[in-house]
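Asker: Below is the file data-v2.txt, with compact mmCIF, C-alpha atoms.
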# COMPACT_ATOMS: atom_id res chain seq x y z
CA MET A 1 1.94 -24.49 1.37
CA ALA A 2 -1.19 -22.88 2.82
CA THR A 3 0.01 -22.74 6.43
CA LEU A 4 3.53 -21.88 7.55
CA GLY A 5 5.18 -23.35 10.60
CA ILE A 6 6.08 -20.20 12.51
CA CYS A 7 7.53 -20.25 16.01
CA VAL A 8 7.63 -16.95 17.86
CA ILE A 9 10.90 -16.84 19.80
CA GLY A 10 10.68 -13.34 21.22
CA LYS A 11 8.44 -10.33 21.73
CA ASP A 12 9.54 -6.89 22.79
CA SER A 13 8.59 -3.21 22.77
CA ILE A 14 11.23 -1.01 21.19
CA ARG A 15 11.26 2.41 22.83
CA PRO A 16 12.93 5.55 21.45
CA SER A 17 16.60 5.88 22.36
CA SER A 18 15.82 9.33 23.79
CA LEU A 19 12.73 10.35 25.73
CA THR A 20 10.20 12.43 23.85
CA PRO A 21 10.17 16.02 25.20
CA ILE A 22 7.14 16.94 27.28
CA GLN A 23 5.98 19.54 24.75
CA LEU A 24 5.71 16.81 22.10
CA LYS A 25 3.80 14.28 24.20
CA SER A 26 0.50 14.91 22.39
CA PHE A 27 0.57 14.66 18.60
CA ASN A 28 -2.42 16.07 16.74
CA LEU A 29 -3.72 14.19 13.73
CA SER A 30 -4.49 16.22 10.63
CA LEU A 31 -7.93 16.31 9.05
CA LEU A 32 -6.66 13.94 6.35
CA ASP A 33 -5.43 11.57 9.07
CA GLN A 34 -8.86 11.75 10.72
CA LEU A 35 -10.46 10.69 7.45
CA ALA A 36 -8.11 7.71 7.02
CA PRO A 37 -9.40 4.26 8.00
CA ALA A 38 -8.18 2.76 11.29
CA THR A 39 -6.24 0.04 9.47
CA TYR A 40 -2.57 -0.79 8.96
CA ILE A 41 -0.32 -0.47 5.92
CA PRO A 42 1.53 -3.80 5.57
CA MET A 43 4.91 -4.32 3.95
CA LEU A 44 7.07 -7.42 3.52
CA LEU A 45 10.76 -7.37 2.59
CA PHE A 46 12.82 -10.48 1.82
CA TYR A 47 16.61 -10.82 2.01
CA THR A 48 18.76 -13.77 0.95
CA THR A 49 21.68 -14.82 3.11
CA SER A 50 23.26 -18.17 3.93
CA ASP A 51 24.76 -17.06 7.23
CA LEU A 52 22.82 -19.08 9.79
CA THR A 53 24.83 -17.65 12.70
CA ALA A 54 24.05 -13.98 12.03
CA ALA A 55 20.46 -13.91 13.29
CA ALA A 56 21.22 -12.70 16.82
CA GLY A 57 23.49 -9.91 15.58
CA ARG A 58 21.00 -8.77 12.98
CA THR A 59 18.16 -8.75 15.47
CA LEU A 60 20.25 -6.56 17.77
CA GLN A 61 21.12 -4.30 14.84
CA LEU A 62 17.44 -3.94 13.87
CA LYS A 63 16.35 -3.22 17.44
CA LYS A 64 19.09 -0.66 18.12
CA SER A 65 18.57 1.21 14.86
CA LEU A 66 14.79 1.11 15.27
CA SER A 67 15.15 2.65 18.73
CA GLU A 68 17.29 5.45 17.31
CA THR A 69 14.89 5.99 14.40
CA LEU A 70 11.89 6.20 16.73
CA THR A 71 13.49 9.19 18.45
CA ARG A 72 13.00 11.09 15.19
CA PHE A 73 9.66 9.41 14.36
CA TYR A 74 8.47 9.76 17.96
CA PRO A 75 4.69 9.39 17.29
CA PHE A 76 5.39 5.91 15.91
CA ALA A 77 6.37 4.83 19.44
CA GLY A 78 3.13 6.12 20.94
CA ARG A 79 -0.47 4.99 21.18
CA ILE A 80 -3.46 6.18 19.19
CA LYS A 81 -5.65 7.93 21.73
CA ASP A 82 -8.71 8.75 19.60
CA ASN A 83 -9.48 10.24 16.20
CA PHE A 84 -7.82 13.50 17.21
CA SER A 85 -4.42 12.65 18.64
CA ILE A 86 -1.63 10.19 19.41
CA ASP A 87 -0.28 9.89 22.95
CA CYS A 88 3.50 10.02 22.44
CA ASN A 89 4.20 8.11 25.64
CA ASP A 90 7.25 6.20 24.37
CA ASP A 91 5.57 2.86 25.04
CA GLY A 92 7.33 1.67 21.92
CA ALA A 93 6.83 -0.24 18.71
CA GLY A 94 5.90 -3.91 18.84
CA PHE A 95 8.82 -6.15 17.82
CA THR A 96 8.46 -9.89 17.22
CA GLU A 97 11.14 -12.46 16.35
CA ALA A 98 10.06 -15.67 14.66
CA GLN A 99 11.57 -18.78 13.10
CA VAL A 100 9.94 -20.18 9.96
CA SER A 101 10.13 -23.90 9.24
CA CYS A 102 10.76 -23.58 5.52
CA PHE A 103 13.31 -22.10 3.15
CA LEU A 104 12.96 -18.60 1.74
CA SER A 105 12.99 -20.16 -1.73
CA ASP A 106 9.74 -21.93 -0.85
CA ILE A 107 8.12 -18.51 -0.49
CA LEU A 108 9.73 -16.94 -3.55
CA LYS A 109 9.16 -19.70 -6.08
CA ALA A 110 5.40 -19.03 -6.19
CA PRO A 111 4.34 -16.24 -3.80
CA ASP A 112 0.97 -16.92 -2.19
CA HIS A 113 -0.97 -14.00 -0.74
CA GLU A 114 -2.48 -16.13 2.03
CA VAL A 115 0.97 -17.39 3.03
CA LEU A 116 2.56 -13.93 2.99
CA LYS A 117 0.00 -12.60 5.46
CA GLN A 118 1.30 -15.07 8.05
CA LEU A 119 4.69 -13.32 8.07
CA LEU A 120 3.23 -10.02 9.26
CA PRO A 121 3.38 -9.06 12.95
CA ILE A 122 -0.40 -8.73 13.27
CA ASN A 123 -3.50 -9.82 11.41
CA CYS A 124 -4.11 -6.74 9.27
CA GLU A 125 -7.55 -8.04 8.30
CA SER A 126 -8.71 -7.93 11.91
CA PHE A 127 -10.42 -4.75 13.08
CA ILE A 128 -9.22 -5.37 16.65
CA GLU A 129 -5.76 -6.96 16.73
CA GLY A 130 -2.88 -4.58 17.36
CA ARG A 131 -5.05 -1.49 17.48
CA GLY A 132 -3.70 1.44 19.45
CA CYS A 133 -0.05 0.66 18.78
CA VAL A 134 1.20 2.73 15.83
CA LEU A 135 3.95 0.44 14.58
CA HIS A 136 4.44 -3.34 14.59
CA VAL A 137 7.52 -5.17 13.25
CA GLN A 138 8.27 -8.88 12.83
CA VAL A 139 11.59 -10.34 11.72
CA ASN A 140 11.23 -13.86 10.31
CA TYR A 141 14.26 -16.16 9.99
CA PHE A 142 14.05 -18.98 7.45
CA LYS A 143 15.86 -22.31 7.64
CA CYS A 144 18.39 -21.17 5.02
CA GLY A 145 19.27 -18.00 6.95
CA GLY A 146 17.09 -15.80 4.75
CA ILE A 147 15.13 -12.99 6.35
CA GLY A 148 11.56 -11.80 5.91
CA LEU A 149 10.84 -8.44 7.53
CA GLY A 150 7.17 -7.65 8.13
CA ILE A 151 6.07 -4.10 8.94
CA CYS A 152 2.60 -2.82 9.83
CA LEU A 153 2.25 0.97 10.21
CA SER A 154 -1.01 2.63 11.24
CA HIS A 155 -2.88 4.35 8.44
CA LYS A 156 -4.04 6.96 10.97
CA ILE A 157 -0.68 8.73 10.65
CA ALA A 158 0.86 7.31 7.50
CA ASP A 159 0.44 6.70 3.80
CA ALA A 160 2.78 4.76 1.47
CA ALA A 161 5.09 7.77 1.06
CA THR A 162 5.41 8.07 4.85
CA LEU A 163 6.19 4.35 5.10
CA SER A 164 8.87 4.82 2.43
CA THR A 165 10.40 7.74 4.37
CA PHE A 166 10.42 5.75 7.60
CA LEU A 167 11.93 2.69 5.92
CA ARG A 168 14.72 4.79 4.38
CA SER A 169 15.48 6.42 7.73
CA TRP A 170 15.55 3.10 9.61
CA ALA A 171 17.70 1.33 7.00
CA ASN A 172 20.17 4.23 6.77
CA THR A 173 20.49 4.24 10.55
CA ALA A 174 21.07 0.47 10.63
CA SER A 175 23.65 0.43 7.84
CA GLY A 176 25.36 3.70 8.75
CA ILE A 177 25.22 4.59 5.07
CA GLY A 178 23.27 7.35 3.37
CA GLU A 179 21.67 10.55 4.52
CA LYS A 180 20.08 11.09 7.89
CA VAL A 181 16.35 11.30 7.13
CA CYS A 182 14.47 13.83 9.22
CA PRO A 183 10.66 13.54 9.02
CA ILE A 184 8.56 16.68 8.70
CA PHE A 185 5.47 16.71 10.91
CA ASN A 186 3.50 19.42 9.15
CA ALA A 187 0.21 17.71 8.38
CA ALA A 188 -1.88 19.19 11.20
CA SER A 189 -0.73 22.71 10.36
CA ILE A 190 -1.77 22.27 6.72
CA THR A 191 -5.13 20.59 7.37
CA PRO A 192 -5.96 21.16 11.05
CA PRO A 193 -8.13 18.53 12.74
CA ARG A 194 -11.84 19.22 13.05
CA ASP A 195 -14.83 17.94 14.92
CA ILE A 196 -16.04 16.49 11.65
CA SER A 197 -19.42 15.12 10.68
CA MET A 198 -17.78 13.12 7.91
CA THR A 199 -16.18 10.28 9.82
CA PRO A 200 -13.64 7.72 8.58
CA PRO A 201 -14.99 4.38 7.36
CA THR A 202 -16.72 2.76 10.33
CA LEU A 203 -16.50 -0.88 11.33
CA GLU A 204 -20.00 -1.33 9.92
CA ASN A 205 -19.04 0.19 6.54
CA LEU A 206 -15.81 -1.79 6.36
CA ASN A 207 -17.76 -4.98 7.03
CA LYS A 208 -20.15 -4.10 4.20
CA ILE A 209 -17.35 -4.19 1.63
CA ARG A 210 -15.51 -7.15 3.17
CA ASP A 211 -15.53 -10.26 1.01
CA ASP A 212 -13.60 -13.21 2.40
CA LYS A 213 -14.59 -15.40 -0.56
CA SER A 214 -12.71 -13.29 -3.10
CA VAL A 215 -9.32 -14.52 -4.25
CA THR A 216 -6.03 -12.66 -4.64
CA LYS A 217 -3.53 -13.52 -7.38
CA ARG A 218 -0.27 -12.06 -8.61
CA PHE A 219 0.51 -10.93 -12.14
CA VAL A 220 3.85 -9.46 -13.25
CA PHE A 221 4.19 -7.12 -16.23
CA ASN A 222 7.73 -7.55 -17.48
CA GLY A 223 9.59 -4.42 -18.53
CA SER A 224 10.45 -6.00 -21.89
CA LYS A 225 6.75 -6.08 -22.81
CA MET A 226 5.88 -2.64 -21.45
CA ALA A 227 6.80 -0.80 -24.68
CA ALA A 228 4.49 -3.03 -26.72
CA LEU A 229 1.68 -2.48 -24.25
CA LYS A 230 2.17 1.29 -24.29
CA ALA A 231 2.02 1.23 -28.09
CA LYS A 232 -1.63 0.17 -27.84
CA ALA A 233 -2.65 3.19 -25.75
CA PRO A 234 -2.04 6.42 -27.73
CA SER A 235 -5.08 8.57 -28.42
CA LEU A 236 -5.81 12.17 -29.25
CA SER A 237 -5.84 13.06 -25.56
CA VAL A 238 -2.95 10.84 -24.38
CA LYS A 239 0.12 10.70 -26.59
CA GLN A 240 2.30 8.80 -24.10
CA ALA A 241 0.77 6.77 -21.29
CA THR A 242 2.67 6.13 -18.08
CA LYS A 243 3.32 2.53 -17.14
CA VAL A 244 0.91 2.80 -14.19
CA GLU A 245 -1.84 4.16 -16.46
CA ILE A 246 -1.43 1.42 -19.04
CA VAL A 247 -1.20 -1.46 -16.53
CA ALA A 248 -4.12 -0.16 -14.46
CA ALA A 249 -6.19 0.28 -17.62
CA LEU A 250 -5.45 -3.26 -18.87
CA ILE A 251 -6.29 -4.82 -15.50
CA TRP A 252 -9.48 -2.73 -15.36
CA LYS A 253 -10.46 -3.74 -18.89
CA CYS A 254 -9.96 -7.46 -18.30
CA ALA A 255 -11.68 -7.40 -14.90
CA MET A 256 -14.58 -5.43 -16.38
CA LYS A 257 -14.87 -7.95 -19.21
CA ALA A 258 -15.00 -10.84 -16.72
CA SER A 259 -17.66 -9.16 -14.57
CA ARG A 260 -19.84 -8.21 -17.53
CA THR A 261 -19.64 -11.77 -18.85
CA ASN A 262 -20.67 -13.23 -15.48
CA PHE A 263 -23.51 -10.74 -15.07
CA GLY A 264 -24.64 -11.29 -18.65
CA SER A 265 -24.63 -7.54 -19.24
CA SER A 266 -22.32 -5.82 -21.71
CA SER A 267 -23.35 -2.40 -20.40
CA ARG A 268 -22.78 -2.88 -16.65
CA LEU A 269 -21.33 0.35 -15.26
CA SER A 270 -17.70 0.12 -14.16
CA ALA A 271 -15.37 2.57 -12.42
CA LEU A 272 -11.80 2.66 -11.15
CA TYR A 273 -10.80 4.50 -7.96
CA GLN A 274 -7.16 5.58 -8.02
CA ASN A 275 -5.11 6.97 -5.12
CA VAL A 276 -2.82 9.95 -5.73
CA ASN A 277 0.20 11.20 -3.76
CA ILE A 278 -0.60 14.91 -3.45
CA ARG A 279 2.72 16.14 -2.02
CA ASN A 280 3.84 17.62 -5.33
CA ARG A 281 0.35 18.52 -6.51
CA THR A 282 -0.81 20.97 -3.84
CA VAL A 283 -0.46 24.74 -3.47
CA PRO A 284 2.28 25.08 -2.37
CA PRO A 285 3.99 21.70 -2.97
CA LEU A 286 4.88 19.74 0.17
CA PRO A 287 8.26 18.26 1.11
CA LYS A 288 8.57 14.59 0.12
CA ASP A 289 9.38 13.63 3.72
CA SER A 290 6.15 15.14 5.09
CA VAL A 291 4.57 12.59 7.44
CA GLY A 292 0.86 11.88 7.27
CA ASN A 293 -1.94 11.01 4.88
CA PHE A 294 -1.26 13.29 1.94
CA VAL A 295 -3.36 11.16 -0.38
CA GLY A 296 -6.06 12.22 -2.79
CA SER A 297 -8.06 10.17 -5.25
CA PHE A 298 -10.17 10.30 -8.36
CA ILE A 299 -12.75 8.04 -9.98
CA ALA A 300 -12.71 7.17 -13.68
CA THR A 301 -15.80 5.60 -15.23
CA ALA A 302 -16.42 3.34 -18.22
CA GLU A 303 -19.93 3.30 -19.60
CA ASP A 304 -19.19 2.13 -23.14
CA THR A 305 -20.26 -1.36 -24.13
CA GLU A 306 -16.93 -1.83 -25.87
CA ALA A 307 -14.29 -0.45 -23.51
CA GLU A 308 -11.06 -0.09 -25.47
CA LEU A 309 -7.68 0.19 -23.81
CA HIS A 310 -6.85 3.63 -25.19
CA GLY A 311 -10.23 4.93 -24.02
CA LEU A 312 -9.68 3.68 -20.47
CA VAL A 313 -6.20 5.23 -20.42
CA ALA A 314 -7.78 8.51 -21.52
CA GLU A 315 -10.32 8.30 -18.69
CA LEU A 316 -7.54 7.73 -16.16
CA ARG A 317 -5.54 10.67 -17.55
CA LYS A 318 -8.63 12.90 -17.46
CA GLY A 319 -9.23 11.88 -13.84
CA ILE A 320 -5.74 12.81 -12.65
CA GLU A 321 -5.73 16.06 -14.61
CA GLU A 322 -9.07 17.14 -13.19
CA PHE A 323 -7.90 16.22 -9.70
CA CYS A 324 -4.72 18.29 -10.12
CA LYS A 325 -6.71 21.31 -11.32
CA LYS A 326 -8.90 21.15 -8.22
CA ALA A 327 -5.93 20.56 -5.90
CA ASN A 328 -4.14 23.58 -7.35
CA ARG A 329 -7.16 25.85 -7.03
CA LEU A 330 -7.00 26.49 -3.29
CA PRO A 331 -4.75 25.50 -0.39
CA LEU A 332 -5.90 22.30 1.30
CA SER A 333 -6.50 24.25 4.50
CA GLU A 334 -9.24 26.19 2.71
CA ASP A 335 -10.91 23.46 0.66
CA ILE A 336 -10.82 19.79 1.62
CA SER A 337 -13.60 18.77 -0.76
CA VAL A 338 -11.09 17.62 -3.39
CA ILE A 339 -10.09 14.88 -0.93
CA CYS A 340 -13.45 14.13 0.72
CA GLU A 341 -15.79 13.91 -2.24
CA PRO A 342 -14.10 11.02 -4.13
CA GLN A 343 -13.80 9.06 -0.86
CA MET A 344 -17.49 9.38 -0.10
CA GLU A 345 -18.45 8.55 -3.68
CA ALA A 346 -16.18 5.49 -3.66
CA MET A 347 -17.81 4.18 -0.46
CA ARG A 348 -21.22 4.57 -2.08
CA MET A 349 -20.07 2.74 -5.21
CA LEU A 350 -18.40 -0.06 -3.26
CA THR A 351 -21.66 -0.91 -1.54
CA SER A 352 -23.77 -0.68 -4.72
CA ASP A 353 -25.08 -3.81 -6.43
CA ASP A 354 -25.64 -1.98 -9.71
CA MET A 355 -22.02 -1.41 -10.70
CA ASP A 356 -18.41 -2.48 -10.16
CA LEU A 357 -15.79 -0.26 -8.54
CA TYR A 358 -12.15 -1.32 -8.73
CA ALA A 359 -9.90 0.32 -6.12
CA CYS A 360 -6.30 0.71 -7.29
CA THR A 361 -3.36 1.55 -5.03
CA SER A 362 0.05 2.19 -6.59
CA TRP A 363 3.42 2.19 -4.82
CA CYS A 364 5.23 2.72 -8.11
CA ARG A 365 7.96 5.38 -8.22
CA PHE A 366 8.69 5.10 -4.50
CA PRO A 367 12.38 4.04 -4.30
CA LEU A 368 11.61 1.21 -1.90
CA TYR A 369 14.26 -1.29 -2.99
CA GLU A 370 16.96 1.37 -2.87
CA ALA A 371 15.78 2.54 0.56
CA ALA A 372 15.72 -0.84 2.28
CA ASP A 373 19.38 -1.85 2.69
CA PHE A 374 19.93 -2.46 6.42
CA GLY A 375 23.55 -3.41 5.89
CA TRP A 376 23.15 -6.86 4.37
CA GLY A 377 22.11 -5.84 0.87
CA LYS A 378 18.93 -4.73 -0.84
CA PRO A 379 15.87 -6.98 -0.64
CA VAL A 380 15.47 -9.55 -3.40
CA TRP A 381 11.73 -8.97 -3.27
CA MET A 382 9.18 -6.91 -1.43
CA SER A 383 5.42 -6.88 -1.43
CA SER A 384 2.31 -5.89 0.45
CA CYS A 385 -1.05 -7.47 1.27
CA ILE A 386 -4.36 -6.06 0.13
CA PRO A 387 -7.63 -5.76 2.08
CA PRO A 388 -10.20 -8.59 2.17
CA ALA A 389 -12.60 -6.86 -0.21
CA LYS A 390 -13.27 -7.72 -3.81
CA ASN A 391 -12.10 -5.66 -6.78
CA MET A 392 -8.82 -4.52 -5.25
CA VAL A 393 -5.67 -3.84 -7.26
CA PHE A 394 -2.19 -3.19 -5.87
CA LEU A 395 0.74 -2.10 -8.06
CA MET A 396 4.43 -1.62 -7.30
CA ASP A 397 7.66 -1.49 -9.26
CA ALA A 398 9.27 -4.83 -10.01
CA ASN A 399 12.81 -5.37 -8.78
CA GLY A 400 15.59 -5.10 -11.33
CA HIS A 401 13.63 -4.08 -14.42
CA ASP A 402 11.14 -1.53 -15.67
CA GLY A 403 8.13 -3.72 -14.97
CA ILE A 404 5.24 -3.73 -12.54
CA GLU A 405 4.11 -6.30 -10.00
CA SER A 406 0.39 -6.50 -9.30
CA TRP A 407 -1.89 -8.21 -6.83
CA VAL A 408 -5.47 -8.43 -8.04
CA ARG A 409 -8.38 -9.45 -5.82
CA LEU A 410 -11.65 -10.43 -7.52
CA SER A 411 -14.62 -12.65 -6.87
CA GLN A 412 -13.93 -16.31 -7.56
CA GLU A 413 -16.19 -16.23 -10.62
CA ASP A 414 -14.52 -13.15 -12.10
CA MET A 415 -11.00 -14.43 -11.36
CA LYS A 416 -11.65 -17.65 -13.30
CA LEU A 417 -12.18 -15.58 -16.44
CA PHE A 418 -9.65 -12.84 -15.63
CA GLU A 419 -6.66 -15.15 -15.15
CA CYS A 420 -7.30 -16.80 -18.53
CA ASP A 421 -7.78 -13.56 -20.48
CA GLN A 422 -5.42 -13.78 -23.45
CA GLU A 423 -5.08 -10.01 -23.78
CA LEU A 424 -3.86 -9.86 -20.18
CA LEU A 425 -1.52 -12.85 -20.55
CA ALA A 426 0.04 -11.35 -23.68
CA TYR A 427 1.74 -8.81 -21.40
CA ALA A 428 1.63 -10.29 -17.91
CA SER A 429 2.99 -13.51 -16.40
CA PHE A 430 0.93 -15.31 -13.81
CA ASN A 431 2.84 -15.54 -10.53
CA PRO A 432 6.36 -16.17 -11.85
CA SER A 433 9.16 -17.21 -9.52
CA ILE A 434 11.05 -14.25 -8.09
CA THR A 435 14.23 -15.48 -9.77
CA SER A 436 12.67 -16.23 -13.16
CA TYR A 437 11.74 -12.82 -14.57
Please express the file's structure as structure tokens.
Answerer:
Amino acid sequence: MATLGICVIGKDSIRPSSLTPIQLKSFNLSLLDQLAPATYIPMLLFYTTSDLTAAAGRTLQLKKSLSETLTRFYPFAGRIKDNFSIDCNDDGAGFTEAQVSCFLSDILKAPDHEVLKQLLPINCESFIEGRGCVLHVQVNYFKCGGIGLGICLSHKIADAATLSTFLRSWANTASGIGEKVCPIFNAASITPPRDISMTPPTLENLNKIRDDKSVTKRFVFNGSKMAALKAKAPSLSVKQATKVEIVAALIWKCAMKASRTNFGSSSRLSALYQNVNIRNRTVPPLPKDSVGNFVGSFIATAEDTEAELHGLVAELRKGIEEFCKKANRLPLSEDISVICEPQMEAMRMLTSDDMDLYACTSWCRFPLYEAADFGWGKPVWMSSCIPPAKNMVFLMDANGHDGIESWVRLSQEDMKLFECDQELLAYASFNPSITSY
């Protein structure tokens, strides 16, 4: 099922239910927002329902609650003016309705990354489509009555934590249940915008790391096998690995093994770039509902010919600990180098032919499933889509158990070896049905 039959039945712009006050019409980006790429963060949420007559009512419910939510998240209804500000003109969020000519079960029985992308409101891999508009939404109705909700939120004002806060606020408004979520727009006061010489990744740089020939596949680490996997990781420096550390390390090890085999070099340099939510790691800590790009990163390297799992876990732990020490040294407003330097180094590594850099993004520990009940139950599954560049890893909590879902994007040659790696398959299932694990 490479191509879905999707019929767009409606397009609209959802404006805030109340006009944005004149004093809030121009929203300044923070320095961290300025450094973020001009891309979108995609999210897909799937809901099972057999009520074929409820579509119109649910569309109205989504639109009305989105309008009310945008009054609080007013920049999301504006337009990105430049790399300094958003014009909060209340032009609205893009909203698309579509009918899909298959059953939701057809999607969930063997999720396909290329198919999932078609359910998003815009082509997130395009550097042109949808640009300017901060938020795009698409509600997809399947033949069975099931719903697929696609969200694309601009990375210029948001990270995964911001998306989680927005989703919780929208769903609570729609369902009438739960707390009223009030976003905190404090980013520009913490890291004021600058006329910076270090610019965000340009179109030219993004094209350099683009690789349309790479393939993306899904692997699920079941919670029942997580304890056994963690038992392989203890070392003198790490007594108890987190589940993200151990899964990231295993994926890194198996991908590194595949690359070194294909290059015919057991000593090829390898590194892993890991994003970090810095809200609780700065001086002082930031509120969890702070809106903006409060994301740091670190790079762990593996130079050993024989990279063992416990050693890679130790490198990841060392990376996060060193990052936290730097982040706690000075307020972000005084020293932004802890954020900038790993980003610049990662861009250099990504374009190098002499080594492999694996970029890992984790949405684990964000309560996304709990946050996304719009009044017709929690989603049965949610996911994201990863950029069209090789050596990308995306992690998020699995629904209903203490496991982790992963999307891994590698070159075709590396994936052929990676997906057959017995050490990986001892703990991970290759693309299981959503209902089977």
Asker: Which residues are close to segment 247-259 of chain A, i.e. within 6 Å by all atoms listed in the file, leaving aside same-chain residues fewer than 3 positions away? Reply as a PyMOL selection string.
Answerer: chain A and resi 244+262+312-313+414+417-418
Asker: Please provide the set of residues having any atom within 12 Å of Gly176 of chain A, restricted to all atoms listed in the file, with same-chain residues fewer than 4 positions apart removed, written as JSON, numbers by chain.
Answerer: {"A": [61, 65, 68, 168, 169, 170, 171, 172, 180, 181, 373, 374, 375, 376]}
Asker: Padding 6 Å on every side, please: axis-aligned box over the listed atoms of segment 363-371 of chain A, centre and edge lengths to one decimal in Å, as lines of an AutoDock Vina configuration file.
Answerer:
center_x = 10.2
center_y = 2.0
center_z = -3.8
size_x = 25.5
size_y = 18.7
size_z = 20.8
Asker: To one decimal place in Å, what is the distance between atom CA of Ser17 of chain A and atom CA of Thr69 of chain A?
Answerer: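 Interatomic distance, atom CA of Ser17 of chain A to atom CA of Thr69 of chain A: 8.1 Å.
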Asker: For Val295 of chain A, which residue out of A:Ser237, A:Ser384, A:Gln274, A:Ser411 is the nearest one, using only C-alpha atoms?
Answerer: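 Selected residue with least distance to Val295 of chain A: A:Gln274.
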Asker: Given all atoms listed in the file as the basis, pick out the residue of A:Lys217, A:Lys243, A:Lys64, A:Arg268 nearest to Asn391 of chain A.
Answerer: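 Result for the nearest residue to Asn391 of chain A: A:Lys217.
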Asker: Find the residues near Glu334 of chain A: any atom within 12 Å, counting only C-alpha atoms, skip ones fewer than 6 places away on the same chain, and give them as a list of chain:residue names.
Answerer: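 Near Glu334 of chain A, the qualifying residues are A:Leu31, A:Ser189, A:Ile190, A:Thr191, A:Pro192, A:Thr282, A:Val283, A:Ala327, A:Asn328.
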Asker: Given the choices A:Ser383, A:Thr96, A:Ser265, A:Gln34, which gets closest to Ala187 of chain A if the distance is worked out from all atoms listed in the file?
Answerer: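 Closest to Ala187 of chain A, using all atoms listed in the file: A:Gln34.
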Asker: For each of A:Ala36, A:Ala93, A:Ala55, A:Val220, take the minimum atom-to-atom distance to Ala426 of chain A, counting only C-alpha atoms, then give the residue where this is smallest.
Answerer: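 Of all the options, A:Val220 lies closest to Ala426 of chain A.
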Asker: Could you state the separation of atom CA of Asp402 of chain A and atom CA of Val380 of chain A in Å, given to one decimal place?
Answerer: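 Distance reported for this atom pair: 15.3 Å.
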Asker: Considering all atoms listed in the file, return as a ChimeraX atom specification whatever protein or nucleic-acid residues lie within 7 Å of Ile404 of chain A, sequence-local ones (same chain, fewer than 4 positions apart) excluded.
Answerer: /A:220-222,395-398
Asker: One number please: atom CA of Glu322 of chain A to atom CA of Met392 of chain A, in Å, one decimal.
Answerer: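 Going from atom CA of Glu322 of chain A over to atom CA of Met392 of chain A, I get 23.1 Å.
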Asker: In terms of the shortest atom-to-atom distance over all atoms listed in the file, which of A:Thr59, A:Glu114, A:Asp212, A:Thr48 is closest to Cys144 of chain A?
Answerer: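 When distances to Cys144 of chain A are compared using all atoms listed in the file, the smallest one comes from A:Thr48.
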